[in-house]
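Chemist: Contents of final37.cif (mmCIF, C-alpha atoms and all ligand atoms):
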data_model
#
loop_
_atom_site.label_atom_id
_atom_site.label_comp_id
_atom_site.auth_asym_id
_atom_site.auth_seq_id
_atom_site.Cartn_x
_atom_site.Cartn_y
_atom_site.Cartn_z
CA MET A 1 28.43 18.25 -18.74
CA LYS A 2 30.75 15.24 -18.55
CA SER A 3 29.69 11.85 -17.17
CA LYS A 4 31.32 8.44 -16.86
CA ALA A 5 29.04 6.01 -18.67
CA ALA A 6 29.11 2.36 -19.77
CA ILE A 7 28.68 2.38 -23.55
CA PHE A 8 27.09 -0.61 -25.29
CA TRP A 9 28.76 -0.50 -28.71
CA GLU A 10 27.25 -3.67 -30.18
CA ALA A 11 26.03 -7.15 -29.27
CA GLY A 12 28.79 -9.46 -28.09
CA LYS A 13 31.08 -6.67 -26.81
CA ARG A 14 31.66 -5.89 -23.13
CA LEU A 15 30.43 -2.56 -21.78
CA ASP A 16 32.98 0.19 -22.32
CA ILE A 17 33.28 2.83 -19.60
CA GLN A 18 34.06 6.21 -21.16
CA GLU A 19 33.48 9.86 -20.47
CA VAL A 20 30.45 11.07 -22.43
CA ASP A 21 28.90 14.51 -22.88
CA VAL A 22 25.42 14.88 -21.42
CA GLU A 23 23.30 17.70 -22.79
CA LYS A 24 21.02 19.75 -20.53
CA PRO A 25 17.45 18.47 -20.15
CA HIS A 26 15.01 19.75 -22.77
CA THR A 27 11.37 20.65 -22.08
CA GLY A 28 9.70 18.04 -19.88
CA GLU A 29 12.99 16.26 -19.05
CA VAL A 30 15.01 15.72 -15.90
CA LEU A 31 18.77 15.40 -15.35
CA VAL A 32 19.44 12.74 -12.71
CA LYS A 33 22.63 12.08 -10.73
CA LEU A 34 22.52 8.30 -10.26
CA VAL A 35 23.31 6.84 -6.85
CA ALA A 36 22.80 3.17 -7.77
CA ALA A 37 21.92 1.02 -10.78
CA GLY A 38 20.64 -2.55 -10.67
CA ILE A 39 22.26 -5.48 -12.48
CA CYS A 40 19.26 -7.08 -14.20
CA HIS A 41 19.39 -9.90 -16.74
CA SER A 42 17.37 -7.85 -19.27
CA ASP A 43 20.38 -5.60 -20.03
CA TYR A 44 22.45 -8.74 -20.46
CA HIS A 45 19.97 -10.06 -23.02
CA VAL A 46 20.68 -6.87 -24.99
CA MET A 47 24.46 -7.25 -24.59
CA THR A 48 24.33 -10.76 -26.02
CA GLY A 49 21.97 -9.83 -28.87
CA HIS A 50 19.17 -11.98 -27.41
CA LEU A 51 17.01 -8.85 -27.16
CA PHE A 52 17.26 -5.94 -29.61
CA ALA A 53 17.82 -2.34 -28.55
CA PRO A 54 19.13 0.59 -30.64
CA PHE A 55 22.91 1.04 -30.32
CA PRO A 56 25.43 2.39 -29.56
CA SER A 57 23.62 3.20 -26.36
CA ILE A 58 23.87 3.47 -22.61
CA LEU A 59 22.02 0.54 -21.07
CA GLY A 60 20.67 0.17 -17.53
CA HIS A 61 17.03 0.37 -16.53
CA GLU A 62 17.06 -0.12 -12.75
CA GLY A 63 18.21 3.12 -11.14
CA SER A 64 17.83 5.47 -8.22
CA GLY A 65 19.28 8.92 -7.77
CA ILE A 66 18.87 12.62 -7.09
CA VAL A 67 17.41 15.20 -9.45
CA ALA A 68 20.25 17.51 -10.51
CA GLU A 69 18.39 19.83 -12.88
CA VAL A 70 15.00 20.07 -14.56
CA GLY A 71 14.13 21.26 -18.05
CA PRO A 72 11.46 23.88 -18.88
CA GLY A 73 7.90 22.98 -17.86
CA VAL A 74 8.80 20.24 -15.37
CA THR A 75 6.55 20.33 -12.32
CA ALA A 76 6.57 16.79 -10.91
CA VAL A 77 10.10 16.95 -9.45
CA LYS A 78 12.67 19.58 -8.52
CA PRO A 79 16.45 19.57 -7.95
CA GLY A 80 17.34 17.64 -4.80
CA ASP A 81 14.37 15.24 -5.00
CA HIS A 82 15.15 11.55 -4.61
CA ILE A 83 13.77 9.38 -7.39
CA ILE A 84 13.52 5.89 -8.81
CA VAL A 85 13.83 5.67 -12.60
CA MET A 86 10.88 3.91 -14.25
CA TRP A 87 11.91 2.01 -17.39
CA ARG A 88 8.57 2.14 -19.10
CA LEU A 89 7.36 5.66 -19.79
CA SER A 90 3.60 6.19 -19.54
CA CYS A 91 1.45 9.13 -20.65
CA GLY A 92 -1.23 8.81 -17.96
CA ILE A 93 -4.18 9.29 -20.30
CA CYS A 94 -4.23 6.52 -22.93
CA GLU A 95 -6.44 3.43 -22.81
CA TYR A 96 -3.78 1.38 -20.98
CA CYS A 97 -2.80 4.08 -18.49
CA SER A 98 -6.44 4.78 -17.65
CA ASN A 99 -6.97 1.07 -17.05
CA GLY A 100 -4.12 0.83 -14.56
CA ARG A 101 -1.64 -0.79 -16.98
CA PRO A 102 0.93 1.98 -17.61
CA ALA A 103 3.67 -0.44 -18.76
CA LEU A 104 1.63 -1.05 -21.92
CA CYS A 105 1.44 2.68 -22.82
CA PRO A 106 2.49 3.41 -26.43
CA ALA A 107 4.80 6.21 -25.17
CA GLY A 108 6.94 3.55 -23.47
CA THR A 109 7.04 1.44 -26.62
CA GLN A 110 8.11 4.47 -28.68
CA ILE A 111 10.97 5.48 -26.43
CA ARG A 112 12.15 1.87 -26.07
CA SER A 113 12.17 1.12 -29.77
CA THR A 114 13.75 4.37 -31.01
CA GLY A 115 16.41 4.89 -28.34
CA GLN A 116 15.49 8.58 -28.46
CA LEU A 117 13.66 10.81 -26.03
CA LEU A 118 10.16 12.01 -26.86
CA ASP A 119 11.27 14.89 -29.11
CA GLY A 120 13.15 12.43 -31.30
CA THR A 121 16.64 13.46 -30.18
CA THR A 122 19.25 12.16 -27.72
CA ARG A 123 21.24 13.79 -24.89
CA PHE A 124 24.42 11.68 -24.94
CA LYS A 125 27.48 12.08 -27.16
CA TYR A 126 30.88 10.40 -27.20
CA LYS A 127 33.53 12.42 -29.06
CA GLY A 128 30.72 14.00 -31.09
CA GLN A 129 29.00 10.68 -31.94
CA GLU A 130 25.38 10.26 -30.91
CA ILE A 131 24.80 7.63 -28.20
CA LYS A 132 21.24 6.32 -27.83
CA HIS A 133 19.12 6.03 -24.70
CA PHE A 134 17.82 2.70 -23.42
CA ALA A 135 14.14 2.56 -22.46
CA GLY A 136 14.30 6.25 -21.54
CA ALA A 137 16.35 5.20 -18.50
CA SER A 138 20.09 4.67 -19.31
CA THR A 139 21.08 4.22 -15.69
CA PHE A 140 24.62 2.92 -16.40
CA SER A 141 25.92 6.50 -16.27
CA GLU A 142 26.78 8.93 -13.49
CA TYR A 143 24.25 11.32 -15.03
CA THR A 144 21.26 10.54 -17.23
CA VAL A 145 18.42 12.53 -18.78
CA ILE A 146 14.94 11.00 -18.55
CA PRO A 147 11.42 12.18 -19.33
CA GLU A 148 9.65 13.75 -16.35
CA GLY A 149 7.14 10.89 -16.52
CA SER A 150 9.92 8.35 -15.88
CA ALA A 151 10.92 9.93 -12.56
CA LEU A 152 9.18 8.51 -9.51
CA LYS A 153 9.72 10.76 -6.49
CA ILE A 154 10.28 8.86 -3.25
CA PRO A 155 10.66 10.00 0.38
CA GLN A 156 14.11 11.44 1.21
CA ASP A 157 14.54 9.06 4.15
CA PHE A 158 14.18 5.88 2.08
CA PRO A 159 17.68 4.49 1.34
CA LEU A 160 18.47 4.92 -2.36
CA GLU A 161 20.61 1.76 -2.51
CA ILE A 162 17.53 -0.24 -1.47
CA ALA A 163 15.05 1.83 -3.50
CA VAL A 164 16.88 0.92 -6.71
CA LEU A 165 15.74 -2.71 -6.28
CA LEU A 166 12.12 -1.59 -6.50
CA GLY A 167 12.74 -0.07 -9.94
CA CYS A 168 12.57 -3.42 -11.72
CA GLY A 169 13.29 -6.74 -10.00
CA VAL A 170 10.98 -6.47 -7.02
CA ILE A 171 7.95 -4.92 -8.67
CA THR A 172 8.29 -7.24 -11.70
CA GLY A 173 8.43 -10.37 -9.57
CA VAL A 174 6.00 -9.52 -6.78
CA GLY A 175 3.64 -7.99 -9.35
CA ALA A 176 3.68 -11.09 -11.59
CA ALA A 177 2.38 -13.09 -8.62
CA ILE A 178 -0.04 -10.56 -7.15
CA ASN A 179 -1.29 -8.51 -10.12
CA CYS A 180 -0.99 -10.89 -13.04
CA ALA A 181 -1.58 -14.39 -11.62
CA LYS A 182 -3.56 -13.07 -8.61
CA VAL A 183 -2.19 -15.94 -6.51
CA LYS A 184 -4.81 -17.15 -4.01
CA PRO A 185 -4.27 -18.17 -0.37
CA GLY A 186 -3.67 -21.90 0.00
CA SER A 187 -2.66 -22.37 -3.65
CA THR A 188 0.44 -23.94 -5.19
CA SER A 189 3.05 -22.10 -7.30
CA VAL A 190 6.16 -23.17 -9.16
CA VAL A 191 8.82 -20.63 -10.14
CA PHE A 192 11.40 -21.51 -12.81
CA GLY A 193 14.55 -19.44 -12.22
CA ALA A 194 15.39 -18.14 -8.75
CA GLY A 195 17.32 -15.02 -9.77
CA GLY A 196 16.44 -11.41 -8.96
CA ILE A 197 13.05 -11.73 -10.65
CA GLY A 198 12.19 -15.30 -9.64
CA LEU A 199 13.01 -14.71 -5.97
CA ASN A 200 10.50 -11.88 -5.99
CA ILE A 201 7.86 -14.05 -7.64
CA ILE A 202 8.47 -16.47 -4.77
CA GLN A 203 8.22 -13.59 -2.30
CA GLY A 204 5.01 -12.35 -3.98
CA SER A 205 3.47 -15.84 -3.90
CA ALA A 206 4.31 -16.10 -0.18
CA ILE A 207 2.80 -12.66 0.53
CA ALA A 208 -0.36 -13.73 -1.31
CA GLY A 209 -0.61 -16.81 0.92
CA ALA A 210 0.38 -19.66 -1.43
CA ALA A 211 0.71 -22.79 0.69
CA LYS A 212 3.25 -24.59 -1.48
CA ILE A 213 5.90 -22.69 -3.44
CA ILE A 214 8.27 -24.80 -5.52
CA ALA A 215 11.53 -23.21 -6.69
CA VAL A 216 13.26 -24.68 -9.75
CA ASP A 217 16.83 -23.72 -10.64
CA ILE A 218 20.01 -25.36 -11.91
CA ASN A 219 22.15 -23.66 -9.26
CA ALA A 220 22.00 -24.95 -5.67
CA LYS A 221 22.94 -21.53 -4.26
CA LYS A 222 19.83 -20.03 -5.88
CA LEU A 223 17.68 -22.68 -4.26
CA ASP A 224 19.14 -21.60 -0.88
CA TYR A 225 18.17 -18.01 -1.62
CA ALA A 226 14.71 -19.24 -2.64
CA LYS A 227 14.19 -20.60 0.87
CA THR A 228 14.86 -17.15 2.37
CA PHE A 229 12.14 -15.67 0.16
CA GLY A 230 9.49 -18.24 1.07
CA ALA A 231 9.92 -21.29 -1.19
CA THR A 232 8.78 -24.47 0.53
CA HIS A 233 10.04 -27.08 -1.98
CA PHE A 234 13.09 -27.18 -4.23
CA VAL A 235 13.93 -28.82 -7.54
CA ASP A 236 17.48 -28.85 -8.91
CA ALA A 237 16.78 -29.03 -12.66
CA SER A 238 20.43 -29.89 -13.35
CA LYS A 239 19.83 -33.23 -11.62
CA LYS A 240 16.26 -34.19 -12.47
CA ASN A 241 13.41 -33.63 -14.89
CA ALA A 242 11.74 -30.50 -13.50
CA VAL A 243 8.22 -31.25 -14.76
CA GLU A 244 8.21 -34.77 -13.33
CA ALA A 245 9.62 -33.51 -10.04
CA VAL A 246 6.93 -30.80 -9.75
CA ARG A 247 4.17 -33.31 -10.53
CA ALA A 248 5.60 -35.65 -7.89
CA LEU A 249 5.54 -32.82 -5.34
CA THR A 250 1.85 -32.17 -6.07
CA ASP A 251 0.62 -35.79 -6.02
CA GLY A 252 0.37 -35.74 -9.80
CA ARG A 253 -2.14 -32.86 -9.83
CA GLY A 254 0.17 -30.04 -10.93
CA VAL A 255 0.28 -26.43 -9.74
CA ASP A 256 -2.21 -23.57 -9.82
CA TYR A 257 0.40 -21.06 -11.00
CA ALA A 258 3.65 -21.57 -12.92
CA PHE A 259 6.08 -18.73 -13.57
CA GLU A 260 9.05 -18.62 -15.93
CA ALA A 261 11.79 -16.14 -14.92
CA ILE A 262 14.70 -17.35 -17.06
CA GLY A 263 14.02 -16.36 -20.65
CA SER A 264 13.90 -19.49 -22.83
CA PRO A 265 11.07 -21.10 -24.83
CA GLU A 266 11.97 -24.54 -23.40
CA THR A 267 11.50 -23.47 -19.80
CA VAL A 268 8.27 -21.60 -20.62
CA ARG A 269 6.95 -24.88 -21.99
CA GLN A 270 8.22 -26.77 -18.93
CA ALA A 271 6.45 -24.30 -16.65
CA PHE A 272 3.23 -24.70 -18.65
CA ASP A 273 3.49 -28.49 -18.40
CA CYS A 274 3.51 -28.24 -14.58
CA LEU A 275 -0.02 -26.78 -14.48
CA ALA A 276 -3.08 -28.39 -12.94
CA LYS A 277 -6.37 -28.04 -14.82
CA ARG A 278 -7.42 -24.34 -14.86
CA GLY A 279 -3.85 -23.37 -13.95
CA MET A 280 -2.13 -20.24 -15.23
CA CYS A 281 1.40 -20.03 -16.60
CA VAL A 282 3.01 -16.56 -16.56
CA ALA A 283 6.05 -15.93 -18.79
CA VAL A 284 8.18 -13.21 -17.20
CA GLY A 285 11.59 -14.09 -18.63
CA VAL A 286 12.44 -12.34 -21.87
CA VAL A 287 12.57 -15.05 -24.50
CA PRO A 288 14.36 -14.04 -27.76
CA LEU A 289 11.70 -12.01 -29.53
CA THR A 290 11.80 -14.03 -32.72
CA LYS A 291 11.07 -17.29 -30.89
CA GLU A 292 7.69 -18.93 -30.36
CA VAL A 293 6.32 -21.19 -27.66
CA ALA A 294 3.85 -23.91 -28.61
CA VAL A 295 1.39 -25.44 -26.15
CA PRO A 296 -1.19 -28.19 -26.78
CA ILE A 297 -4.69 -26.98 -27.73
CA MET A 298 -5.91 -29.93 -25.64
CA ALA A 299 -4.50 -28.27 -22.53
CA LEU A 300 -6.06 -24.89 -23.40
CA VAL A 301 -9.55 -26.17 -24.22
CA PHE A 302 -10.14 -29.39 -22.33
CA GLU A 303 -8.14 -28.38 -19.27
CA GLU A 304 -8.70 -24.59 -19.41
CA LYS A 305 -5.03 -23.82 -18.83
CA THR A 306 -3.82 -20.29 -19.56
CA LEU A 307 -0.50 -19.02 -20.91
CA THR A 308 0.12 -15.31 -20.50
CA GLY A 309 3.00 -12.90 -19.98
CA SER A 310 3.66 -10.14 -17.49
CA LEU A 311 5.50 -6.89 -18.18
CA TYR A 312 6.78 -4.76 -15.28
CA GLY A 313 4.76 -6.82 -12.81
CA SER A 314 1.51 -5.85 -14.59
CA ALA A 315 1.74 -3.04 -12.05
CA ARG A 316 0.30 0.39 -11.47
CA ILE A 317 3.94 1.37 -11.23
CA ARG A 318 3.71 4.50 -9.05
CA GLN A 319 1.15 3.23 -6.54
CA ASP A 320 2.63 -0.25 -6.32
CA THR A 321 6.15 1.07 -5.70
CA MET A 322 4.83 3.17 -2.81
CA MET A 323 2.98 0.12 -1.47
CA LEU A 324 6.17 -1.97 -1.67
CA MET A 325 8.12 0.73 0.22
CA GLU A 326 5.52 0.68 3.00
CA MET A 327 5.70 -3.12 3.15
CA TYR A 328 9.50 -2.99 3.46
CA LYS A 329 9.29 -0.43 6.25
CA ALA A 330 6.76 -2.65 8.04
CA GLY A 331 9.10 -5.67 7.76
CA LYS A 332 6.79 -7.41 5.27
CA LEU A 333 9.01 -7.28 2.18
CA LYS A 334 12.55 -8.62 2.04
CA LEU A 335 14.89 -6.23 0.28
CA ASP A 336 18.06 -6.28 2.42
CA GLU A 337 18.29 -10.05 1.87
CA LEU A 338 17.99 -9.51 -1.89
CA LEU A 339 20.95 -7.17 -2.19
CA THR A 340 23.76 -9.71 -1.92
CA ARG A 341 26.51 -7.65 -3.61
CA LYS A 342 27.47 -4.05 -4.40
CA TYR A 343 30.19 -3.03 -6.83
CA PRO A 344 31.74 0.31 -7.72
CA PHE A 345 30.46 1.40 -11.15
CA ALA A 346 33.91 0.70 -12.68
CA GLN A 347 33.34 -3.03 -12.04
CA ILE A 348 30.09 -3.29 -14.00
CA ASN A 349 31.40 -6.00 -16.36
CA GLU A 350 32.52 -8.07 -13.38
CA ALA A 351 29.05 -7.58 -11.88
CA TYR A 352 27.56 -9.10 -15.06
CA ASP A 353 30.09 -11.95 -15.05
CA ASN A 354 29.00 -12.82 -11.51
CA LEU A 355 25.29 -12.57 -12.42
CA ILE A 356 25.86 -15.13 -15.17
CA LYS A 357 27.92 -17.37 -12.87
CA GLY A 358 24.88 -17.33 -10.55
CA GLU A 359 26.72 -15.81 -7.61
CA VAL A 360 24.18 -13.19 -6.54
CA ALA A 361 20.51 -12.84 -5.67
CA ARG A 362 20.49 -9.24 -6.93
CA SER A 363 23.45 -6.87 -7.20
CA ILE A 364 23.88 -3.17 -7.85
CA VAL A 365 26.62 -0.80 -8.93
CA THR A 366 27.06 2.44 -7.02
CA PHE A 367 28.38 5.77 -8.29
P1 LIG A 401 19.02 -13.94 -13.18
O1 LIG A 401 20.18 -14.23 -14.05
O2 LIG A 401 19.23 -13.27 -11.87
O3 LIG A 401 18.19 -15.29 -12.89
C1 LIG A 401 17.96 -16.31 -13.83
C2 LIG A 401 17.95 -17.64 -13.05
O4 LIG A 401 17.57 -18.69 -13.95
C3 LIG A 401 19.31 -18.02 -12.48
O5 LIG A 401 19.20 -18.28 -11.09
C4 LIG A 401 19.69 -19.27 -13.28
O6 LIG A 401 20.47 -20.19 -12.52
C5 LIG A 401 18.33 -19.85 -13.61
N1 LIG A 401 18.31 -20.77 -14.77
C6 LIG A 401 18.98 -20.65 -15.94
N2 LIG A 401 18.67 -21.69 -16.75
C7 LIG A 401 17.81 -22.47 -16.08
C8 LIG A 401 17.11 -23.69 -16.39
N3 LIG A 401 17.25 -24.29 -17.58
N4 LIG A 401 16.26 -24.21 -15.46
C9 LIG A 401 16.09 -23.61 -14.26
N5 LIG A 401 16.72 -22.45 -13.91
C10 LIG A 401 17.56 -21.89 -14.80
O7 LIG A 401 18.01 -13.08 -14.08
P2 LIG A 401 16.87 -12.03 -13.61
O8 LIG A 401 16.14 -12.61 -12.47
O9 LIG A 401 17.45 -10.66 -13.54
O10 LIG A 401 15.93 -12.05 -14.92
C11 LIG A 401 15.18 -13.22 -15.24
C12 LIG A 401 14.41 -12.99 -16.53
O11 LIG A 401 13.38 -12.01 -16.32
C13 LIG A 401 15.26 -12.44 -17.68
O12 LIG A 401 14.86 -13.05 -18.89
C14 LIG A 401 14.91 -10.97 -17.68
O13 LIG A 401 15.15 -10.33 -18.91
C15 LIG A 401 13.44 -11.05 -17.36
C16 LIG A 401 12.81 -9.76 -16.92
N6 LIG A 401 11.52 -9.52 -17.30
C17 LIG A 401 10.89 -8.39 -16.95
C18 LIG A 401 9.46 -8.20 -17.35
O14 LIG A 401 8.91 -7.13 -17.15
N7 LIG A 401 8.85 -9.24 -17.91
C19 LIG A 401 11.54 -7.41 -16.20
C20 LIG A 401 12.84 -7.66 -15.81
C21 LIG A 401 13.49 -8.83 -16.17
ZN ZN A 402 15.02 -5.43 -15.13
#
Let's see the structure in the file written out as C-alpha cells.
Ligand code: PAD
Ligand code: ZN

Modeler:
Amino acid sequence: MKSKAAIFWEAGKRLDIQEVDVEKPHTGEVLVKLVAAGICHSDYHVMTGHLFAPFPSILGHEGSGIVAEVGPGVTAVKPGDHIIVMWRLSCGICEYCSNGRPALCPAGTQIRSTGQLLDGTTRFKYKGQEIKHFAGASTFSEYTVIPEGSALKIPQDFPLEIAVLLGCGVITGVGAAINCAKVKPGSTSVVFGAGGIGLNIIQGSAIAGAAKIIAVDINAKKLDYAKTFGATHFVDASKKNAVEAVRALTDGRGVDYAFEAIGSPETVRQAFDCLAKRGMCVAVGVVPLTKEVAVPIMALVFEEKTLTGSLYGSARIRQDTMMLMEMYKAGKLKLDELLTRKYPFAQINEAYDNLIKGEVARSIVTF
C-alpha cells in the first residue's frame, strides 16, 4: 500500500515527505494507521547527526493509532484496536524483562541498531529503494509496520491525540523521577531543561511529593510552563550561573535529586554539581554517544553522590502507561496542558523548527 511518510535521507537534511510503499505485515507484525505522532527532541538528535540511526529511514518514535491489519500469528491486537507505539521492543522473558526493565531488552537494542524488523528485513520502499525503520516505530508515516510486541493496546475511549504523549515524553519524565530516582516526599529536585521531558520530570517530582522543585532553562517561556507542572523555583541559566543559583536556593546544601533533560555533557556536569551529599543525578537527555562526562571521585566516595541514567523512564512500560492513563482520568496527571500545539503532518519540519525555537511544551503532528 501507499503511505505519505517523512523520509530522513541523511544527517543535516530536512525531513522529506514522499509517498512510500508499505509492505504487508509479516509474521508477528502489525500494520498501524497513525493518528498522531509526537515531536520529541530525540528524533532531532538523529536529524542533526548528534545521535546515530541507520538511514535512509522513517523517524518518529512517539505514536498512537489504529491497527489496520495483523500478520500471521498475531494474537495481542486485532484490526480496529487503538494502540500506542512503544519505541523499545521487549521480548518479555529475558533477564531485563523479567526484572521489570523491558527498555533494556536486547530485542530493543537489535531493532534500534539495525533499522530492520526482527526477521532482518524492512517494510518500506521509496521508488524501489529500501527505507529503514527507526526503533521499530517509524511513526512519521501515515502507515507503519511494527512488531506485535511494540503495540500497546489502550481503551477505545481514551483520546488518541492525548495517548500519543504517553508513548515517550510523559513516561520518560515521570518515570525518571518515580522509578529511577525514587523521589521522596519532602525532598528537593532540580531539573535542567523544561521541555517535553523535563516538564514531566517536574510533574513526576511533584506527584512524588518533592517539597522544592527547581526548574532551570535558558528560555523564560519554558520556566512559565514549569510552574504549571509543579516547579516551585526558577533559574534562568541564560542570566546566571545555574549551579550557584541552585546552591543559593538550597542554603548551600544542594539538592537530593538532579535531572538533566537537555542532552549535553556540560549540563550533566552542572546537574551533578548541584547535588547535596548522598544526592542522585539522573541523565535523561541524550548526550552525543561518543562524549564522556567526568565527575570528581571525591564527590562519589566522600560524599556518596550517584550519577546514573534513565532510559524510557526506567519503566515497566505497559503497566506504567496504564497507570498514567488512570492518573490522567482522575485529574492527577497533566496532559492537556502539555499539548501546546498540533500541526498537520505536512508541517513536520515547521514543528521541529518551533521545538528548537523553544515555542512549545510538547507538540504533535496529526494524520
Ligand atoms: P526539548 O527541546 O523539548 O527541551 C529541551 C529544553 O532544554 C528546552 O526547553 C531548552 O530551552 C532547554 N535548554 C537547552 N539548553 C539549555 C541549557 N544550556 N541550560 C538549560 N536549559 C537548556 O527536548 P525534549 O524534552 O523532547 O528532550 C530532552 C532530552 O531528553 C533530549 O536529549 C532527548 O533526546 C532526551 C530523551 N531521552 C529519553 C530517554 O529515554 N532517556 C527519551 C526521550 C527523550
Ligand atoms: Zn522521545

Chemist: With distances taken over all atoms listed in the file, which residue among A:Ala346, A:Ile201, A:Leu223, A:Ile39 lies nearest A:Cys180?

Modeler: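 Answer, going by the shortest atom-to-atom distance: A:Ile201.
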
Chemist: Taking all atoms listed in the file into account, report as a ChimeraX atom specification which residues have an atom no farther than 7 Å from an atom of ligand LIG 401 (chain A).

Modeler: /A:40-42,45,168-169,172,192-198,216-219,222,237,261-263,267,284-287,310-313,355-356,358,361-362

Chemist: Could you tell me, as an NGL selection string, which residues have any atom at most 10 Å from (15.1, 17.0, -6.9), counting all atoms listed in the file?

Modeler: :A and (30-33 or 65-70 or 76-83 or 151 or 153 or 156)

Chemist: Skip A:Asp224 itself and residues of its chain fewer than 6 positions away, then list as a PyMOL selection string all residues within 10 Å of it, counting all atoms listed in the file.

Modeler: chain A and resi 194+215+231+234

Chemist: For the residues in that selection, give me C-alpha atoms as a PDB file, in the frame of the given file.

Modeler:
ATOM      1  CA  ALA A 194      15.390 -18.140  -8.750  1.00  0.00           C
ATOM      2  CA  ALA A 215      11.530 -23.210  -6.690  1.00  0.00           C
ATOM      3  CA  ALA A 231       9.920 -21.290  -1.190  1.00  0.00           C
ATOM      4  CA  PHE A 234      13.090 -27.180  -4.230  1.00  0.00           C
TER       5      PHE A 234
END

Chemist: From the options A:Gly73, A:Gly92, A:Gly167, A:Pro159, which residue's atoms come nearest to ligand ZN 402 (chain A), counting only C-alpha atoms and all ligand atoms?

Modeler: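 Looking at the shortest contact to ligand ZN 402 (chain A), the residue is A:Gly167.
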